[in-house]
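Data block for start-v6.txt (compact mmCIF, C-alpha atoms):
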```txt
# COMPACT_ATOMS: atom_id res chain seq x y z
CA MET B 852 0.00 0.00 0.00
CA PRO B 853 1.48 3.40 -0.97
CA GLU B 854 2.18 5.81 1.87
CA ARG B 855 0.12 8.64 0.48
CA LEU B 856 -3.60 8.47 -0.12
CA SER B 857 -4.63 9.21 -3.71
CA VAL B 858 -7.74 11.36 -4.01
CA LEU B 859 -9.60 12.52 -7.11
CA LEU B 860 -11.93 15.46 -6.59
CA LEU B 861 -14.54 16.24 -9.23
CA ASP B 862 -16.77 19.32 -9.11
CA ASP B 863 -17.81 21.52 -12.00
CA GLU B 864 -17.51 24.61 -9.82
CA PRO B 865 -13.79 25.54 -9.87
CA ILE B 866 -13.98 27.21 -6.44
CA VAL B 867 -14.73 23.87 -4.76
CA GLY B 868 -11.53 22.20 -5.95
CA LYS B 869 -9.53 25.34 -5.29
CA ARG B 870 -10.73 25.49 -1.67
CA LEU B 871 -10.52 21.80 -0.90
CA LYS B 872 -7.22 20.86 -2.51
CA PRO B 873 -5.03 22.56 0.15
CA ALA B 874 -7.20 21.13 2.95
CA LEU B 875 -6.71 17.59 1.65
CA ALA B 876 -3.05 18.12 0.87
CA LYS B 877 -2.58 19.06 4.53
CA LEU B 878 -3.87 15.58 5.41
CA GLY B 879 -1.09 14.12 3.32
CA CYS B 880 -3.20 13.19 0.30
CA ASP B 881 -2.13 13.34 -3.35
CA VAL B 882 -5.04 15.26 -4.81
CA GLU B 883 -6.06 15.58 -8.45
CA ILE B 884 -8.77 18.09 -9.26
CA PHE B 885 -11.21 17.84 -12.18
CA GLU B 886 -14.05 20.11 -13.29
CA ASN B 887 -15.05 18.00 -16.27
CA PRO B 888 -16.65 14.58 -15.52
CA GLY B 889 -15.55 13.13 -18.89
CA GLN B 890 -11.92 13.98 -18.22
CA ALA B 891 -12.21 12.68 -14.67
CA LEU B 892 -13.56 9.35 -15.94
CA GLN B 893 -10.69 9.11 -18.41
CA ARG B 894 -8.24 9.57 -15.55
CA ILE B 895 -10.12 7.02 -13.43
CA ALA B 896 -9.86 4.54 -16.30
CA GLY B 897 -6.10 4.80 -16.08
CA LYS B 898 -5.63 4.88 -12.32
CA ASP B 899 -7.26 3.29 -9.27
CA PHE B 900 -7.73 6.08 -6.73
CA ASP B 901 -8.17 5.37 -3.04
CA ILE B 902 -10.88 7.98 -2.73
CA VAL B 903 -13.06 9.79 -5.25
CA VAL B 904 -15.03 12.84 -4.15
CA THR B 905 -17.66 13.82 -6.70
CA ASP B 906 -20.38 16.40 -7.06
CA ILE B 907 -23.75 14.95 -8.08
CA ARG B 908 -25.38 17.53 -10.28
CA MET B 909 -23.18 18.17 -13.30
CA ASP B 910 -23.86 18.62 -17.03
CA GLU B 911 -23.65 15.57 -19.30
CA ILE B 912 -22.49 13.01 -16.72
CA ASP B 913 -23.87 13.14 -13.18
CA GLY B 914 -22.19 12.05 -9.99
CA LEU B 915 -24.23 8.86 -9.69
CA GLN B 916 -22.89 7.71 -13.08
CA VAL B 917 -19.38 8.55 -11.93
CA LEU B 918 -19.98 6.50 -8.77
CA GLU B 919 -21.05 3.47 -10.82
CA GLU B 920 -18.09 3.79 -13.20
CA VAL B 921 -15.59 4.11 -10.36
CA LEU B 922 -16.89 1.08 -8.48
CA LYS B 923 -17.06 -0.99 -11.68
CA LYS B 924 -13.39 -0.26 -12.28
CA SER B 925 -12.17 -0.34 -8.69
CA PRO B 926 -14.54 -1.76 -6.04
CA ARG B 927 -12.15 -0.88 -3.19
CA THR B 928 -12.29 2.85 -3.99
CA LYS B 929 -14.32 4.89 -1.50
CA VAL B 930 -16.64 7.31 -3.26
CA ILE B 931 -17.88 10.36 -1.38
CA MET B 932 -20.79 12.25 -2.88
CA ILE B 933 -21.18 16.00 -2.40
CA THR B 934 -24.19 18.05 -3.47
CA GLY B 935 -25.93 21.35 -3.03
CA TYR B 936 -29.26 19.67 -3.85
CA ALA B 937 -29.41 17.05 -1.13
CA MET B 938 -32.64 15.07 -0.96
CA MET B 939 -33.56 11.87 0.78
CA SER B 940 -34.20 9.96 -2.47
CA VAL B 941 -30.84 10.90 -4.02
CA ALA B 942 -28.97 10.21 -0.80
CA ARG B 943 -30.54 6.77 -0.51
CA GLU B 944 -29.87 5.99 -4.17
CA ALA B 945 -26.21 6.95 -3.80
CA MET B 946 -25.77 4.78 -0.70
CA GLU B 947 -27.53 1.85 -2.38
CA LYS B 948 -25.19 2.18 -5.36
CA GLY B 949 -22.23 1.89 -3.03
CA ALA B 950 -21.26 5.43 -2.00
CA PHE B 951 -19.12 5.58 1.13
CA ASP B 952 -20.70 8.81 2.35
CA PHE B 953 -22.95 11.64 1.25
CA ILE B 954 -22.42 15.26 2.27
CA SER B 955 -24.58 18.28 1.54
CA LYS B 956 -23.05 21.60 0.54
CA PRO B 957 -22.10 23.98 1.92
CA PHE B 958 -19.59 22.19 4.13
CA SER B 959 -16.31 23.29 5.61
CA PRO B 960 -12.94 21.82 4.59
CA ASP B 961 -12.84 20.32 8.11
CA ASP B 962 -16.09 18.45 7.45
CA LEU B 963 -14.62 16.88 4.31
CA ARG B 964 -11.34 16.16 6.05
CA SER B 965 -13.09 14.11 8.74
CA VAL B 966 -15.02 12.11 6.12
CA ILE B 967 -11.81 11.53 4.13
CA ALA B 968 -10.12 10.36 7.33
CA LYS B 969 -12.93 7.86 7.95
CA ALA B 970 -12.65 6.58 4.38
CA ALA B 971 -8.88 6.33 4.75
CA GLN B 972 -9.24 4.36 7.97
CA SER B 973 -11.60 1.93 6.31
CA LEU B 974 -8.90 1.38 3.67
CA GLY B 975 -6.34 0.64 6.36
CA TYR B 976 -4.60 4.03 6.46
CA SER B 977 -4.18 5.78 9.78
CA MET B 978 -4.92 9.44 9.54
CA ASP B 979 -5.23 12.16 12.14
CA VAL B 980 -7.58 15.01 11.28
CA MET D 702 -26.49 3.02 11.70
CA PRO D 703 -30.23 3.09 11.05
CA VAL D 704 -33.23 4.15 13.06
CA ILE D 705 -36.56 2.36 12.69
CA ILE D 706 -39.83 4.13 13.36
CA ILE D 707 -42.85 1.92 13.75
CA SER D 708 -46.38 3.20 13.43
CA SER D 709 -49.48 1.06 13.71
CA ASP D 710 -53.24 1.29 13.74
CA SER D 711 -53.01 -0.49 17.11
CA TYR D 712 -50.66 0.85 19.79
CA GLN D 713 -50.27 -2.58 21.36
CA THR D 714 -49.45 -4.31 18.06
CA GLY D 715 -46.94 -1.61 17.16
CA ARG D 716 -45.32 -1.98 20.55
CA GLU D 717 -45.02 -5.75 20.22
CA ILE D 718 -43.48 -5.55 16.75
CA ALA D 719 -41.11 -2.76 17.84
CA GLY D 720 -39.95 -4.83 20.82
CA SER D 721 -39.41 -7.95 18.72
CA ALA D 722 -37.61 -6.04 15.94
CA ALA D 723 -35.32 -4.36 18.48
CA LYS D 724 -34.53 -7.74 20.04
CA ALA D 725 -33.83 -9.36 16.67
CA LEU D 726 -31.51 -6.54 15.63
CA GLY D 727 -29.90 -5.88 19.01
CA TYR D 728 -31.24 -2.30 18.96
CA ASP D 729 -32.66 -0.22 21.82
CA THR D 730 -36.32 0.73 21.90
CA ILE D 731 -37.64 4.22 22.43
CA GLY D 732 -41.26 4.52 23.45
CA ARG D 733 -43.55 6.23 25.91
CA GLU D 734 -41.22 5.51 28.82
CA ILE D 735 -39.33 8.68 27.81
CA LEU D 736 -42.43 10.76 28.57
CA GLY D 737 -41.69 10.60 32.31
CA LYS D 738 -38.33 12.25 31.78
CA ALA D 739 -39.88 14.85 29.48
CA ALA D 740 -42.61 15.58 32.01
CA ASP D 741 -39.98 16.13 34.72
CA LYS D 742 -38.01 18.43 32.45
CA TYR D 743 -41.01 20.61 31.64
CA LYS D 744 -42.49 20.26 35.16
CA LEU D 745 -45.90 18.86 34.29
CA PRO D 746 -47.72 15.57 34.86
CA GLU D 747 -46.76 12.77 32.47
CA ALA D 748 -50.45 12.03 31.91
CA LYS D 749 -50.84 15.32 30.07
CA LEU D 750 -48.21 14.36 27.52
CA THR D 751 -49.80 10.93 27.05
CA LYS D 752 -53.21 12.59 26.66
CA ALA D 753 -51.83 14.98 24.03
CA LEU D 754 -50.76 11.95 21.99
CA HIS D 755 -54.35 10.70 21.87
CA GLU D 756 -56.67 13.66 21.97
CA THR D 757 -57.22 16.73 19.88
CA PRO D 758 -58.03 20.09 21.50
CA SER D 759 -61.63 20.67 22.50
CA PHE D 760 -63.72 23.30 24.25
CA LEU D 761 -63.97 21.31 27.47
CA GLY D 762 -60.68 19.46 27.13
CA MET D 763 -57.16 20.57 26.35
CA SER D 764 -56.66 24.02 24.80
CA SER D 765 -55.04 24.22 21.39
CA LYS D 766 -52.13 26.22 22.78
CA LEU D 767 -51.32 23.67 25.51
CA TRP D 768 -51.83 20.74 23.16
CA LYS D 769 -49.29 22.13 20.72
CA GLN D 770 -46.89 22.82 23.57
CA TYR D 771 -47.19 19.29 24.94
CA LEU D 772 -46.67 17.77 21.51
CA ALA D 773 -43.60 19.95 21.05
CA TYR D 774 -42.23 18.58 24.36
CA VAL D 775 -42.84 14.99 23.20
CA GLN D 776 -41.19 15.79 19.88
CA GLU D 777 -38.15 17.34 21.55
CA ALA D 778 -37.74 14.41 23.94
CA CYS D 779 -38.08 11.87 21.13
CA LEU D 780 -35.73 13.61 18.69
CA SER D 781 -32.99 13.97 21.27
CA GLU D 782 -33.18 10.19 21.80
CA LEU D 783 -33.13 9.52 18.06
CA LEU D 784 -29.73 11.16 17.76
CA ARG D 785 -28.51 7.79 19.01
CA ASP D 786 -28.18 5.15 16.32
CA ASN D 787 -29.56 1.64 16.28
CA VAL D 788 -32.92 2.33 17.83
CA VAL D 789 -36.50 1.29 17.21
CA CYS D 790 -38.99 4.01 18.06
CA GLN D 791 -42.71 3.51 18.57
CA GLY D 792 -45.66 5.23 20.21
CA LEU D 793 -44.41 8.81 20.05
CA ALA D 794 -45.85 9.79 16.64
CA ALA D 795 -42.29 10.15 15.33
CA HIS D 796 -43.45 8.99 11.87
CA LEU D 797 -45.19 12.35 11.59
CA TYR D 798 -42.26 14.63 12.41
CA VAL D 799 -39.09 12.72 11.54
CA LEU D 800 -39.30 13.42 7.83
CA GLY D 801 -36.68 13.44 5.10
CA VAL D 802 -34.01 11.64 7.11
CA PRO D 803 -32.47 8.99 4.83
CA HIS D 804 -31.31 6.57 7.54
CA VAL D 805 -34.77 6.36 9.12
CA LEU D 806 -36.83 3.36 8.03
CA ARG D 807 -40.50 4.23 8.47
CA VAL D 808 -42.73 1.19 8.92
CA ARG D 809 -46.52 0.98 9.15
CA ILE D 810 -47.97 -2.13 10.73
CA LEU D 811 -51.60 -2.89 10.00
CA SER D 812 -52.91 -5.10 12.76
CA ASP D 813 -54.76 -8.32 12.09
CA VAL D 814 -58.38 -7.24 11.58
CA GLU D 815 -59.86 -10.05 13.68
CA LYS D 816 -57.49 -10.07 16.66
CA PRO D 817 -58.42 -6.70 18.21
CA VAL D 818 -62.12 -7.37 17.57
CA ASN D 819 -61.90 -10.68 19.43
CA GLN D 820 -59.96 -9.01 22.24
CA LEU D 821 -62.63 -6.34 22.66
CA VAL D 822 -65.41 -8.93 22.56
CA SER D 823 -63.85 -10.95 25.36
CA GLN D 824 -62.70 -7.92 27.40
CA ARG D 825 -65.92 -5.90 27.27
CA GLY D 826 -68.51 -8.55 26.50
CA ILE D 827 -69.79 -6.69 23.43
CA SER D 828 -70.85 -8.11 20.07
CA PRO D 829 -68.26 -8.49 17.28
CA ASP D 830 -70.21 -5.96 15.20
CA LYS D 831 -70.11 -3.37 17.97
CA ALA D 832 -66.40 -4.08 18.58
CA SER D 833 -65.65 -3.54 14.86
CA LYS D 834 -67.50 -0.23 14.87
CA LEU D 835 -65.67 0.88 17.99
CA LEU D 836 -62.30 0.04 16.46
CA GLU D 837 -63.20 1.81 13.23
CA ARG D 838 -64.12 4.93 15.23
CA GLU D 839 -60.75 4.75 17.01
CA LYS D 840 -58.93 4.47 13.69
CA GLN D 841 -60.75 7.48 12.30
CA ALA D 842 -60.00 9.47 15.45
CA SER D 843 -56.33 8.58 15.15
CA ARG D 844 -56.32 9.70 11.51
CA ARG D 845 -57.95 13.01 12.45
CA TRP D 846 -55.39 13.43 15.22
CA SER D 847 -52.47 13.02 12.80
CA LEU D 848 -54.00 15.51 10.38
CA GLU D 849 -54.63 18.08 13.07
CA ALA D 850 -51.32 17.64 14.86
CA PHE D 851 -48.91 17.41 11.91
CA ARG D 852 -51.05 17.93 8.78
CA LEU D 853 -50.22 14.41 7.65
CA ASP D 854 -52.56 11.48 7.18
CA GLU D 855 -50.91 8.63 9.04
CA THR D 856 -53.05 6.09 7.20
CA ASP D 857 -51.57 7.18 3.85
CA PRO D 858 -49.20 4.35 2.78
CA SER D 859 -47.02 6.77 0.78
CA GLN D 860 -45.78 8.16 4.11
CA TYR D 861 -43.89 4.93 4.77
CA ASP D 862 -40.98 2.94 3.38
CA LEU D 863 -42.66 -0.31 4.30
CA VAL D 864 -46.27 -1.30 5.07
CA ILE D 865 -46.98 -4.75 6.50
CA GLY D 866 -50.45 -6.17 7.02
CA LEU D 867 -50.63 -8.72 9.81
CA SER D 868 -53.81 -10.29 8.44
CA GLN D 869 -51.68 -12.40 6.10
CA ILE D 870 -48.16 -12.01 7.52
CA ASP D 871 -47.20 -13.44 10.93
CA PRO D 872 -45.58 -11.04 13.41
CA GLU D 873 -42.35 -13.11 13.27
CA GLU D 874 -42.30 -12.79 9.49
CA ALA D 875 -42.94 -9.05 9.79
CA VAL D 876 -39.90 -8.74 12.04
CA LYS D 877 -37.82 -10.70 9.54
CA ILE D 878 -38.94 -8.36 6.74
CA ILE D 879 -38.08 -5.28 8.82
CA LYS D 880 -34.68 -6.76 9.70
CA GLU D 881 -33.90 -7.49 6.08
CA THR D 882 -35.09 -4.10 4.84
CA VAL D 883 -33.11 -2.11 7.37
CA GLY D 884 -30.01 -3.94 6.17
CA TYR D 885 -30.20 -2.25 2.77
CA ALA D 886 -27.36 0.18 2.20
CA ARG D 887 -29.80 3.00 1.51
CA PHE D 888 -30.76 3.09 5.21
CA ARG D 889 -27.17 3.39 6.41
CA ALA D 890 -26.43 6.60 8.30
CA MET D 891 -24.30 9.09 6.38
CA THR D 892 -22.96 12.56 7.14
CA TYR D 893 -25.98 14.19 5.46
CA SER D 894 -28.60 12.09 7.24
CA ILE D 895 -26.97 12.58 10.64
CA GLN D 896 -27.00 16.31 9.94
CA CYS D 897 -30.72 16.13 9.05
CA MET D 898 -31.46 14.47 12.38
CA GLU D 899 -29.34 16.96 14.32
CA ASP D 900 -31.13 19.83 12.56
CA LEU D 901 -34.55 18.41 13.46
CA ALA D 902 -33.48 17.86 17.07
CA LEU D 903 -32.13 21.39 17.43
CA ALA D 904 -35.20 22.96 15.82
CA SER D 905 -37.51 20.98 18.12
CA LYS D 906 -35.51 22.01 21.19
CA VAL D 907 -35.79 25.68 20.29
CA ARG D 908 -39.48 25.41 19.41
CA ALA D 909 -40.30 23.62 22.67
CA MET D 910 -38.64 26.47 24.54
CA LEU D 911 -40.34 29.24 22.54
CA LEU D 912 -43.92 27.98 22.32
CA GLU D 913 -45.08 29.04 25.77
CA ARG D 914 -44.26 32.67 25.03
CA PHE D 915 -44.60 32.58 21.24
CA PRO D 916 -47.39 30.16 20.34
CA GLY D 917 -47.33 29.28 16.68
CA ALA D 918 -43.60 29.90 16.31
CA ARG D 919 -42.12 27.82 13.50
CA VAL D 920 -38.48 26.81 13.62
CA SER D 921 -36.14 25.24 11.10
CA ALA D 922 -32.45 24.55 11.59
CA ASN D 923 -29.52 24.04 9.28
CA ARG D 924 -26.10 23.37 10.83
CA GLY D 925 -26.65 25.68 13.76
CA THR D 926 -28.42 28.38 11.77
CA LEU D 927 -32.03 28.85 12.81
CA VAL D 928 -34.86 30.42 10.88
CA ILE D 929 -37.78 31.26 13.15
CA GLU D 930 -41.14 32.53 11.97
CA THR D 931 -43.66 34.10 14.28
CA LEU D 932 -46.73 36.28 14.12
CA ALA D 933 -46.81 39.76 15.67
CA LEU D 934 -48.39 43.16 15.37
CA LYS D 935 -46.31 45.71 13.47
CA ARG D 936 -45.49 47.66 16.62
CA GLU D 937 -44.25 44.52 18.42
CA LYS D 938 -42.02 43.28 15.61
CA GLY D 939 -38.66 44.56 16.83
CA LYS D 940 -39.29 43.63 20.44
CA LYS D 941 -40.42 40.09 19.62
CA ALA D 942 -37.58 39.44 17.19
CA LYS D 943 -35.07 40.59 19.83
CA ALA D 944 -36.61 38.41 22.55
CA ILE D 945 -36.66 35.35 20.27
CA LYS D 946 -33.05 35.87 19.24
CA GLU D 947 -31.99 36.14 22.88
CA MET D 948 -33.90 33.05 23.98
CA ALA D 949 -32.86 30.87 21.04
CA GLY D 950 -29.26 32.06 21.13
CA LYS D 951 -28.81 30.53 24.58
CA ILE D 952 -29.42 26.98 23.38
CA PRO D 953 -26.22 24.98 22.83
CA GLY D 954 -25.58 24.34 19.15
CA VAL D 955 -27.26 27.55 17.96
CA GLU D 956 -24.82 29.72 16.04
CA TYR D 957 -27.03 32.19 14.21
CA VAL D 958 -30.70 33.11 14.50
CA GLU D 959 -32.79 34.73 11.80
CA VAL D 960 -36.29 35.81 12.84
CA HIS D 961 -39.06 36.47 10.35
CA VAL D 962 -41.92 38.31 11.97
CA ILE D 963 -45.11 37.99 9.96
CA ASN D 964 -47.81 40.60 10.37
CA ASP D 965 -50.64 39.24 12.52
CA PHE D 966 -53.56 40.50 10.44
CA LEU D 967 -56.19 38.84 12.61
CA ARG D 968 -55.03 40.55 15.79
CA GLN D 969 -54.54 43.77 13.89
CA ALA D 970 -58.11 43.63 12.58
CA ALA D 971 -59.43 42.75 16.03
CA GLU D 972 -57.60 45.73 17.55
CA SER D 973 -58.83 48.15 14.90
CA PHE D 974 -62.45 47.26 15.76
CA ARG D 975 -61.98 48.04 19.46
```

When written as structure tokens, how does the structure in this file appear?
Amino acid sequence: MPERLSVLLLDDEPIVGKRLKPALAKLGCDVEIFENPGQALQRIAGKDFDIVVTDIRMDEIDGLQVLEEVLKKSPRTKVIMITGYAMMSVAREAMEKGAFDFISKPFSPDDLRSVIAKAAQSLGYSMDV
Amino acid sequence: MPVIIISSDSYQTGREIAGSAAKALGYDTIGREILGKAADKYKLPEAKLTKALHETPSFLGMSSKLWKQYLAYVQEACLSELLRDNVVCQGLAAHLYVLGVPHVLRVRILSDVEKPVNQLVSQRGISPDKASKLLEREKQASRRWSLEAFRLDETDPSQYDLVIGLSQIDPEEAVKIIKETVGYARFRAMTYSIQCMEDLALASKVRAMLLERFPGARVSANRGTLVIETLALKREKGKKAKAIKEMAGKIPGVEYVEVHVINDFLRQAAESFR
């Protein structure tokens, strides 16, 4: 197992990646940021990430499709869904499809850090938030 | 981990299923035993809280203002217990106010039609026909209660994730079905659903505190931010908003309070006719 946790973060709003990347880097993660779901899926096809954090509502490809693609390719990857349009039905659907966690926006970098730490622990990494 | 809320057309049946489901899953049960603690907290007899769960306000009975207050106390007590995971809740009308929380499995149990009739016949020595009519009246009263208390029809199956009729399904089978259903990943607690429950609990705590002084106050919470709506005359607006902000701001977990004071046209009209 590599020492550093690999994280892919996908959100079509650039500000999200910009704000979260330093917070996750502080945790010791190697973070790759994507705003385009198609490009993110291409990257996922070539690399098994430990954790994928994805927005749900995006043009063309939505987060639930990304979740399915990620788990098809790499079942051990923990997928964390983030959305500004949280609803019970979507949350339940995401969990049923295998999401590790579901967070509603707005959230603080600390909130995401603690979820990432939980995901990391479930993968066998020890991580202090 | 999940929370199960059980509602039934028969309190006793719901209680039995809740107890068996909790035992089968190794969960705790939350029921009317918490009313004693709530009654102590709000310094009133427990019987009044129990009564509020059965009766609607009436001219000679409980006033509408007190009824709403008592229900708010029950709600607050129940929601603070539901912050714990792995619980089965029954008998506190939680199916009518714990809404939109993904890790809550809402179950409706329809009792065996014949069993309660036979029980009434043997207990009260009345005819089966009379017992059926009595039970039907009770069911209708319970439906009216849910509509008046929470504007929801508790007999509407679309309110639930799972409806089980005990006329054809044994109680043991019902418990098995509940156990299997709650195991689905969609009912697993997640950051969002825990937040939903915490928001409901905080809003109910603030509302329970405000209702005595501000009847009709409506409270919603989102991560420590409260939005409170209340009615007031134009001249009282500033004073009321300030008082609400002060009172709500003292509750742990409250970070910001926004008060919307809506013009009380009825009182205004009544005053202008004096």

Atom CA of B:Thr934 and atom CA of B:Asn887 are how many Å apart?
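Between atom CA of B:Thr934 and atom CA of B:Asn887 the gap is 15.7 Å.
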
Within 12 Å of B:Gln916, counting only C-alpha atoms, which residues show up once you throw out same-chain ones fewer than 4 positions away? Write them as an MDAnalysis selection string, please.
chainID B and resid 888:889 891:892 905:912 920:923 930 932 944:945 948:950

Distance cut-off 12 Å, counting only C-alpha atoms - which residues of chain D neighbour chain B? Return them as number ranges by chain.
D: 800-806, 862, 883-897, 923-924

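Here atom CA of B:Gln972 and atom CA of B:Pro960 stand 18.2 Å from one another.
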
Calculate, to one decimal in Å, the centre and edge lengths of the box along x, y and z of the file that holds all listed atoms of stretch 779-793 of chain D with 6 Å of margin on each side, and present them as JSON.
```
{"center_x": -36.9, "center_y": 7.6, "center_z": 19.0, "size_x": 29.5, "size_y": 24.7, "size_z": 17.5}
```

Measuring atom to atom with all atoms listed in the file, identify which of B:Ala970, B:Leu915, B:Leu878, B:Ile884 is nearest to B:Ile866.
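Checking each of B:Ala970, B:Leu915, B:Leu878, B:Ile884 against B:Ile866, counting all atoms listed in the file, the winner is B:Ile884.
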
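Once D:Lys831 and its same-chain neighbours fewer than 5 positions away are set aside, Val818, Val822 and Leu836 of chain D remain within 9 Å of it when counting all atoms listed in the file.
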
With C-alpha atoms retained, write the just-selected residues as a PDB file, in the coordinates of the input.
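part10.pdb, written as the output of this step:
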```pdb
ATOM      1  CA  VAL D 818     -62.120  -7.370  17.570  1.00  0.00           C
ATOM      2  CA  VAL D 822     -65.410  -8.930  22.560  1.00  0.00           C
ATOM      3  CA  LEU D 836     -62.300   0.040  16.460  1.00  0.00           C
TER       4      LEU D 836
END
```

What does the structure give for the distance between atom CA of D:Asp786 and atom CA of D:Val799, in Å to one decimal?
14.1 Å

Nearby residues (all atoms listed in the file) at most 10 Å from B:Arg964, same-chain spacing under 5 positions excluded, as an MDAnalysis selection string
chainID B and resid 871 874:878 959 969:970 978:980

Within 12 Å of D:Leu772, counting all atoms listed in the file, which residues show up once you throw out same-chain ones fewer than 5 positions away? Write them as a PyMOL selection string, please.
chain D and resi 736+739-740+743+749-758+763+765-767+777-779+793-795+797-798+846-847+849-851+905-906+908-909+912

Closest of B:Asp899, B:Val904, B:Ala968, B:Ser857 to B:Pro926, counting only C-alpha atoms, is B:Asp899

Within 8 Å of D:Glu930, counting all atoms listed in the file, which residues show up once you throw out same-chain ones fewer than 6 positions away? Write them as a PyMOL selection string, please.
chain D and resi 918-920+960-963

Would you please work out which residue, of D:Ile707, D:Ala725, D:Ile929, D:Leu821, is nearest to D:Ala949 when using all atoms listed in the file?
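Once distances to D:Ala949 are computed over all atoms listed in the file, the minimum belongs to D:Ile929.
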
Check which residues of stretch 719-832 of chain D sit at most 7 Å from stretch 852-861 of chain D using all atoms listed in the file, and return one row each with the closest pair of atoms and their distance in Å to one decimal, ordered by chain and rising number, as JSON lines.
```
{"residue": "D:Leu797", "atom": "CA", "partner": "D:Leu853", "partner_atom": "CA", "distance": 6.7}
{"residue": "D:Arg807", "atom": "CA", "partner": "D:Tyr861", "partner_atom": "CA", "distance": 5.1}
{"residue": "D:Val808", "atom": "CA", "partner": "D:Tyr861", "partner_atom": "CA", "distance": 5.7}
{"residue": "D:Arg809", "atom": "CA", "partner": "D:Tyr861", "partner_atom": "CA", "distance": 6.5}
```

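Between B:Gly868 and the residues B:Ala896, B:Ile967, B:Val882, B:Leu856, the shortest atom-to-atom distance, using only C-alpha atoms, involves B:Val882.
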